[in-house]
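Participant: My structure is stored as work25.cif, with mmCIF, C-alpha atoms.
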data_my_file
loop_
_atom_site.label_atom_id
_atom_site.label_comp_id
_atom_site.auth_asym_id
_atom_site.auth_seq_id
_atom_site.Cartn_x
_atom_site.Cartn_y
_atom_site.Cartn_z
CA MET P 519 98.92 -7.64 -72.62
CA ALA P 520 96.00 -6.03 -74.45
CA ASP P 521 93.48 -7.08 -71.80
CA ARG P 522 95.55 -6.04 -68.75
CA LEU P 523 96.02 -2.69 -67.09
CA ARG P 524 99.61 -1.51 -66.83
CA LEU P 525 101.29 0.80 -64.32
CA MET P 526 104.81 2.25 -64.52
CA ALA P 527 106.42 3.70 -61.38
CA VAL P 528 109.54 5.77 -62.12
CA HIS P 529 112.09 6.06 -59.29
CA ALA P 530 115.57 7.49 -58.84
CA HIS P 531 117.39 4.81 -56.80
CA PRO P 532 116.97 1.26 -55.56
CA ASP P 533 114.92 1.56 -52.32
CA ASP P 534 112.76 4.45 -53.58
CA GLU P 535 110.23 1.99 -55.00
CA SER P 536 109.80 0.54 -51.51
CA SER P 537 109.54 3.83 -49.60
CA LYS P 538 107.22 5.60 -52.05
CA GLY P 539 103.98 4.04 -53.23
CA ALA P 540 105.01 0.45 -52.52
CA ALA P 541 101.74 -0.63 -50.91
CA THR P 542 99.88 0.79 -53.91
CA THR P 543 101.99 -1.15 -56.38
CA ALA P 544 101.62 -4.33 -54.33
CA LYS P 545 97.84 -3.84 -54.25
CA TYR P 546 97.62 -3.45 -58.01
CA VAL P 547 99.85 -6.48 -58.59
CA ALA P 548 97.49 -8.52 -56.39
CA GLU P 549 94.57 -7.27 -58.49
CA GLY P 550 96.17 -8.48 -61.72
CA VAL P 551 97.69 -5.22 -62.96
CA ASP P 552 101.07 -5.42 -64.71
CA VAL P 553 103.46 -3.15 -62.80
CA VAL P 554 106.98 -2.16 -63.79
CA VAL P 555 109.33 -0.22 -61.52
CA VAL P 556 111.84 1.87 -63.42
CA THR P 557 115.07 2.56 -61.49
CA CYS P 558 117.02 5.42 -63.04
CA THR P 559 120.36 4.90 -61.26
CA GLY P 560 122.22 2.13 -59.49
CA GLY P 561 122.48 3.98 -56.19
CA GLU P 562 126.27 3.74 -56.33
CA ARG P 563 126.81 6.96 -54.38
CA GLY P 564 124.12 6.39 -51.78
CA SER P 565 124.81 6.42 -48.05
CA VAL P 566 124.79 3.31 -45.88
CA LEU P 567 122.05 4.26 -43.43
CA ASN P 568 121.86 0.99 -41.52
CA PRO P 569 124.68 0.99 -38.92
CA LYS P 570 124.80 -2.81 -39.04
CA MET P 571 125.83 -2.59 -42.70
CA ASP P 572 128.35 0.25 -42.32
CA ARG P 573 131.35 -1.99 -42.99
CA PRO P 574 134.34 -1.80 -45.37
CA ASP P 575 133.22 -4.88 -47.30
CA VAL P 576 129.82 -3.29 -47.93
CA TRP P 577 131.29 0.01 -49.09
CA ALA P 578 133.69 -1.83 -51.38
CA ASN P 579 130.79 -3.55 -53.18
CA ILE P 580 127.99 -1.02 -52.72
CA GLY P 581 126.81 -1.03 -56.35
CA GLU P 582 126.55 -4.81 -56.54
CA ILE P 583 124.89 -5.01 -53.13
CA ARG P 584 122.27 -2.43 -53.99
CA ARG P 585 121.38 -4.33 -57.16
CA ALA P 586 120.94 -7.50 -55.13
CA GLU P 587 118.76 -5.60 -52.66
CA MET P 588 116.64 -4.36 -55.55
CA ASP P 589 116.20 -7.92 -56.79
CA ALA P 590 114.98 -8.95 -53.33
CA ALA P 591 112.57 -6.02 -53.04
CA ARG P 592 111.24 -6.64 -56.55
CA ALA P 593 110.42 -10.22 -55.61
CA VAL P 594 108.61 -9.07 -52.45
CA LEU P 595 106.49 -6.54 -54.34
CA GLY P 596 105.83 -8.88 -57.26
CA VAL P 597 106.68 -6.22 -59.83
CA GLU P 598 108.76 -6.20 -62.96
CA GLN P 599 111.80 -3.93 -62.76
CA ALA P 600 114.01 -2.17 -65.28
CA TRP P 601 117.27 -0.25 -64.85
CA LEU P 602 117.84 2.85 -66.97
CA GLY P 603 121.57 2.53 -66.28
CA PHE P 604 122.41 6.07 -65.20
CA VAL P 605 125.08 6.80 -62.58
CA ASP P 606 123.99 8.03 -59.14
CA SER P 607 124.75 11.72 -58.61
CA GLY P 608 125.13 11.52 -54.84
CA LEU P 609 123.75 14.13 -52.45
CA PRO P 610 126.20 17.06 -52.30
CA GLU P 611 126.75 18.52 -48.84
CA GLY P 612 128.38 21.79 -47.85
CA ASP P 613 127.82 25.54 -48.17
CA PRO P 614 128.13 26.01 -51.03
CA PRO P 615 127.68 22.37 -52.06
CA PRO P 616 130.38 20.88 -54.28
CA PRO P 617 129.65 20.37 -57.99
CA LEU P 618 128.01 17.14 -59.03
CA PRO P 619 130.31 14.46 -60.46
CA GLU P 620 131.00 14.52 -64.17
CA GLY P 621 128.74 12.15 -66.12
CA CYS P 622 126.24 11.59 -63.30
CA PHE P 623 122.50 11.35 -63.92
CA ALA P 624 121.58 14.86 -62.75
CA ARG P 625 124.12 16.50 -65.09
CA LEU P 626 122.81 14.88 -68.26
CA ASP P 627 120.82 16.64 -70.94
CA VAL P 628 117.13 16.01 -70.22
CA THR P 629 116.24 15.24 -73.83
CA GLU P 630 119.03 12.68 -74.06
CA ALA P 631 118.31 11.13 -70.65
CA ALA P 632 114.58 10.81 -71.40
CA GLY P 633 115.28 8.55 -74.37
CA PRO P 634 115.66 5.26 -72.48
CA LEU P 635 112.45 5.99 -70.57
CA VAL P 636 110.61 6.73 -73.81
CA ARG P 637 111.80 3.38 -75.13
CA LEU P 638 110.49 1.61 -72.01
CA MET P 639 107.15 3.38 -72.20
CA ARG P 640 106.76 2.26 -75.79
CA GLU P 641 107.75 -1.31 -74.95
CA PHE P 642 105.72 -1.73 -71.75
CA ARG P 643 102.82 0.54 -72.85
CA PRO P 644 101.69 1.78 -69.43
CA HIS P 645 98.27 3.29 -69.02
CA VAL P 646 99.36 5.11 -65.85
CA VAL P 647 102.74 6.54 -64.82
CA THR P 648 103.78 7.67 -61.34
CA THR P 649 106.82 9.81 -60.58
CA TYR P 650 108.04 12.67 -58.34
CA ASP P 651 106.99 16.31 -58.26
CA GLU P 652 109.12 19.24 -59.40
CA GLU P 653 111.04 19.17 -56.11
CA GLY P 654 111.75 15.48 -56.48
CA GLY P 655 109.63 14.77 -53.42
CA TYR P 656 112.67 16.14 -51.62
CA PRO P 657 115.50 18.04 -53.30
CA HIS P 658 117.93 15.26 -54.19
CA PRO P 659 119.47 15.95 -57.63
CA ASP P 660 118.54 12.49 -58.92
CA HIS P 661 114.94 12.84 -57.74
CA ILE P 662 114.60 16.18 -59.50
CA MET P 663 116.11 14.70 -62.67
CA THR P 664 113.71 11.75 -62.40
CA HIS P 665 110.85 14.25 -62.42
CA LYS P 666 112.28 16.01 -65.48
CA ILE P 667 112.75 12.91 -67.61
CA SER P 668 109.37 11.48 -66.54
CA MET P 669 107.59 14.61 -67.71
CA ALA P 670 109.57 14.68 -70.95
CA ALA P 671 109.00 11.00 -71.69
CA PHE P 672 105.27 11.16 -70.91
CA GLU P 673 104.88 13.93 -73.48
CA ALA P 674 107.16 12.33 -76.08
CA ALA P 675 106.24 8.64 -75.94
CA GLY P 676 103.03 9.08 -77.93
CA ASP P 677 104.49 11.46 -80.52
CA PRO P 678 105.63 9.63 -83.70
CA GLY P 679 107.81 12.60 -84.61
CA ARG P 680 109.95 12.32 -81.48
CA TYR P 681 112.49 9.57 -80.86
CA PRO P 682 111.25 7.67 -83.95
CA GLU P 683 114.10 5.16 -83.57
CA LEU P 684 112.85 4.08 -80.12
CA GLY P 685 109.77 2.08 -81.11
CA ASP P 686 106.14 2.55 -82.03
CA PRO P 687 104.45 5.46 -80.24
CA TRP P 688 102.44 4.80 -77.09
CA GLN P 689 100.65 7.50 -75.10
CA PRO P 690 100.13 6.84 -71.38
CA LEU P 691 96.78 8.17 -70.23
CA LYS P 692 97.53 9.51 -66.73
CA LEU P 693 100.54 10.87 -64.84
CA TYR P 694 100.75 11.20 -61.06
CA TYR P 695 103.14 12.62 -58.52
CA ASP P 696 103.68 10.51 -55.42
CA ILE P 697 102.81 12.59 -52.33
CA GLY P 698 104.57 10.46 -49.75
CA PHE P 699 104.19 12.74 -46.75
CA SER P 700 101.68 15.47 -46.03
CA LYS P 701 101.28 17.38 -42.79
CA GLY P 702 97.87 15.76 -42.31
CA LYS P 703 99.36 12.27 -42.54
CA ILE P 704 102.20 13.00 -40.13
CA MET P 705 99.84 14.70 -37.69
CA ALA P 706 97.41 11.76 -37.81
CA LEU P 707 100.17 9.24 -37.06
CA HIS P 708 101.65 11.51 -34.38
CA GLU P 709 98.34 11.97 -32.57
CA ALA P 710 97.49 8.27 -32.86
CA MET P 711 100.78 7.38 -31.16
CA LEU P 712 100.21 9.90 -28.37
CA ALA P 713 96.67 8.59 -27.85
CA THR P 714 98.10 5.17 -27.00
CA GLY P 715 100.47 6.71 -24.44
CA SER P 716 103.47 6.01 -26.67
CA GLU P 717 106.20 8.41 -27.67
CA SER P 718 105.76 9.65 -31.22
CA PRO P 719 108.72 9.62 -33.62
CA TYR P 720 107.21 12.60 -35.43
CA GLY P 721 107.46 15.35 -32.79
CA GLU P 722 110.65 16.92 -34.10
CA TRP P 723 109.52 16.43 -37.68
CA LEU P 724 106.35 18.44 -37.03
CA LYS P 725 108.37 21.24 -35.43
CA ARG P 726 110.54 21.49 -38.54
CA TRP P 727 107.40 21.44 -40.70
CA GLU P 728 106.27 24.84 -39.39
CA ASP P 729 108.43 26.55 -42.00
CA ARG P 730 107.79 24.11 -44.84
CA PRO P 731 104.94 24.14 -47.36
CA ASP P 732 102.39 21.37 -46.96
CA LYS P 733 101.70 19.24 -50.02
CA GLY P 734 98.49 17.88 -48.54
CA PRO P 735 96.29 20.27 -50.54
CA ARG P 736 97.80 18.88 -53.74
CA ILE P 737 96.47 15.36 -53.10
CA THR P 738 93.82 14.34 -55.62
CA THR P 739 93.91 10.57 -55.25
CA ARG P 740 93.96 8.39 -52.12
CA VAL P 741 94.48 4.69 -52.75
CA GLU P 742 93.25 2.40 -49.94
CA CYS P 743 96.12 -0.04 -49.51
CA ALA P 744 96.54 -0.67 -45.77
CA ASP P 745 96.35 -4.43 -46.29
CA TYR P 746 99.64 -4.14 -48.20
CA PHE P 747 101.59 -2.11 -45.63
CA PRO P 748 103.29 -5.32 -44.41
CA VAL P 749 104.41 -6.04 -47.99
CA ARG P 750 105.78 -2.49 -48.21
CA ASP P 751 107.73 -2.98 -44.99
CA ASP P 752 109.15 -6.33 -46.14
CA ALA P 753 110.31 -4.63 -49.35
CA LEU P 754 111.88 -1.83 -47.31
CA ARG P 755 113.78 -4.32 -45.16
CA ALA P 756 115.16 -5.91 -48.32
CA HIS P 757 117.20 -2.72 -48.79
CA ALA P 758 119.41 -3.52 -45.84
CA THR P 759 122.05 -0.87 -46.60
CA GLN P 760 119.42 1.86 -46.62
CA ILE P 761 116.87 0.77 -44.02
CA ASP P 762 117.61 0.03 -40.37
CA PRO P 763 115.06 -2.62 -39.30
CA ASP P 764 115.13 -1.08 -35.81
CA GLY P 765 114.88 2.45 -37.14
CA PHE P 766 112.42 5.26 -37.71
CA TRP P 767 110.36 3.61 -40.45
CA PHE P 768 109.07 0.91 -38.12
CA HIS P 769 108.31 2.82 -34.91
CA VAL P 770 104.56 3.12 -35.49
CA PRO P 771 102.71 -0.19 -34.94
CA MET P 772 101.16 -1.64 -38.06
CA GLU P 773 97.57 -1.71 -36.80
CA LEU P 774 97.84 1.93 -35.75
CA GLN P 775 99.12 2.89 -39.21
CA ARG P 776 96.21 1.07 -40.82
CA ARG P 777 93.68 2.92 -38.68
CA ALA P 778 95.24 6.39 -38.72
CA TRP P 779 96.10 6.67 -42.43
CA PRO P 780 95.13 3.68 -44.58
CA THR P 781 95.97 5.26 -47.95
CA GLU P 782 98.91 6.20 -50.12
CA ASP P 783 98.38 9.56 -51.76
CA PHE P 784 99.02 11.00 -55.19
CA GLN P 785 98.50 14.16 -57.23
CA LEU P 786 97.02 13.76 -60.71
CA VAL P 787 98.93 16.17 -62.96
CA ARG P 788 98.17 14.95 -66.50
CA SER P 789 95.13 13.05 -67.72
CA LEU P 790 93.83 12.21 -71.16
CA VAL P 791 90.68 10.59 -69.75
CA ASP P 792 87.71 11.90 -67.84
CA SER P 793 88.18 11.18 -64.15
CA PRO P 794 86.36 13.41 -61.65
CA LEU P 795 88.32 14.38 -58.56
CA PRO P 796 88.89 13.31 -55.87
CA GLU P 797 89.80 9.75 -56.86
CA SER P 798 90.44 6.49 -55.05
CA ASP P 799 91.96 4.60 -57.98
CA LEU P 800 94.92 5.46 -60.22
CA PHE P 801 93.03 3.79 -63.07
CA ALA P 802 89.84 5.82 -62.61
CA GLY P 803 88.67 6.75 -66.08
CA VAL P 804 91.22 4.41 -67.64
CA ARG P 805 89.57 1.02 -67.22
CA GLU P 806 86.92 1.58 -69.88
CA THR P 807 89.33 3.37 -72.20
CA ALA P 808 91.93 0.60 -71.85
CA ASP P 809 89.38 -1.97 -72.98
CA ALA P 810 89.07 -0.07 -76.24
CA ARG P 811 92.84 0.07 -76.84
#
Represent the structure from my file as structure tokens, please.

Facilitator:
Amino acid sequence: MADRLRLMAVHAHPDDESSKGAATTAKYVAEGVDVVVVTCTGGERGSVLNPKMDRPDVWANIGEIRRAEMDAARAVLGVEQAWLGFVDSGLPEGDPPPPLPEGCFARLDVTEAAGPLVRLMREFRPHVVTTYDEEGGYPHPDHIMTHKISMAAFEAAGDPGRYPELGDPWQPLKLYYDIGFSKGKIMALHEAMLATGSESPYGEWLKRWEDRPDKGPRITTRVECADYFPVRDDALRAHATQIDPDGFWFHVPMELQRRAWPTEDFQLVRSLVDSPLPESDLFAGVRETADAR
């Protein structure tokens, strides 16, 4: 693999790889980049969000079904995929919320839980890693834990004094947070729908956004990937328990999406190479350096 660029995308559950940065990963696969999706948990405690799949037989086999869905999505995206093997924490509800289940991913020690990801980084040797921000993108316990172990593994993978039993050191060169939704993106899609005389699915979302911070100013890198939005949507539909094919995700026509917001957006948070901002390529500054490694 010495002559190929490598990208690692770290996600919490099966389906996250298809709803966050999927068009970007599909684009890089098409360009000859080796891409691995890391799935931290099996999604065993996830909800069934597609009413057509809300059946006793599905609930009885949810773990197995979600693994099969991940296999289907992986094939659509053309990526490699690795399970870390942690147990889904679920999303606690209530005021106050109940404690997280014993032994679940979000309750593990970060240093211990980062070990399997360090091993994968040393085996796959990514040049670039993508993950979630300190809020997990949204505050799901597993997403926040995914952020924590990604940060820990990025710092440890290249250090020969840490986790020496987990393989030869390898230092990734760049680390990004996926910025899936910014106010600018939602507003652009909302206004584009209204301009066609159609009802926008984002009206209520924008009202709720008035009291939420906007992550748009954090964006450093916009990857043009509109040609791969259909691949993203096919990967989403592969997660049939999580994605209603008649639901929210698919209300905005594809051509309108491509015109209104043709990028997926990221925040560069760690870089060991020179890459002036703003960027349009996750491998900016890496391509020349990778040739020398």

Participant: Name the residues that the PyMOL selection byres ((chain P and resi 765) around 12) picks from the file above, as a VMD selection string, using the file's chain letters and numbers.

Facilitator: chain P and resid 567 to 570 719 751 754 to 755 758 760 to 764 766 to 770

Participant: Which of these residues is nearest to Thr759 (chain P), using only C-alpha atoms: P:Val628, P:Met588, P:Leu693, P:Val597?

Facilitator: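 Counting only C-alpha atoms, the residue closest to Thr759 (chain P) is P:Met588.
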
Participant: Using only C-alpha atoms, which residue out of P:Gly539, P:Gly612, P:Met705, P:Gly581 lies closest to Arg740 (chain P)?

Facilitator: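 The answer is P:Gly539, which sits nearest to Arg740 (chain P).
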
Participant: For Val787 (chain P), find every residue with an atom within 8 Å (counting only C-alpha atoms), except residues of its own chain fewer than 5 positions away, and show them as an NGL selection string.

Facilitator: :P and (692-695)

Participant: List as a compact mmCIF listing (two decimals) with C-alpha atoms, in the frame of the given file the residues having at least one atom at most 7 Å from position (101.7, -1.8, -62.6) as given in the file, counting only C-alpha atoms.

Facilitator:
# COMPACT_ATOMS: atom_id res chain seq x y z
CA ARG P 524 99.61 -1.51 -66.83
CA LEU P 525 101.29 0.80 -64.32
CA MET P 526 104.81 2.25 -64.52
CA THR P 543 101.99 -1.15 -56.38
CA TYR P 546 97.62 -3.45 -58.01
CA VAL P 547 99.85 -6.48 -58.59
CA VAL P 551 97.69 -5.22 -62.96
CA ASP P 552 101.07 -5.42 -64.71
CA VAL P 553 103.46 -3.15 -62.80
CA VAL P 554 106.98 -2.16 -63.79

Participant: Run the PyMOL selection byres ((chain P and resi 608) around 9) against the file shown and list the residues it catches, as a ChimeraX atom specification.

Facilitator: /P:561-565,606-607,609-610,618-619,622,658-660

Participant: Could you jot down the CA of Pro780 (chain P) to CA of Thr807 (chain P) separation for me, Å, one decimal place?

Facilitator: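 Calculated distance between CA of Pro780 (chain P) and CA of Thr807 (chain P) is 28.2 Å.
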
Participant: Applying 12 Å and only C-alpha atoms, which residues near Arg585 (chain P) remain after dropping the ones on its own chain fewer than 5 positions away? List them as a count of residues only.

Facilitator: 21

Participant: What is the CA of Glu673 (chain P)-CA of Gly655 (chain P) distance in Å, reported with one decimal?

Facilitator: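 If I compute the distance from CA of Glu673 (chain P) to CA of Gly655 (chain P), I get 20.6 Å.
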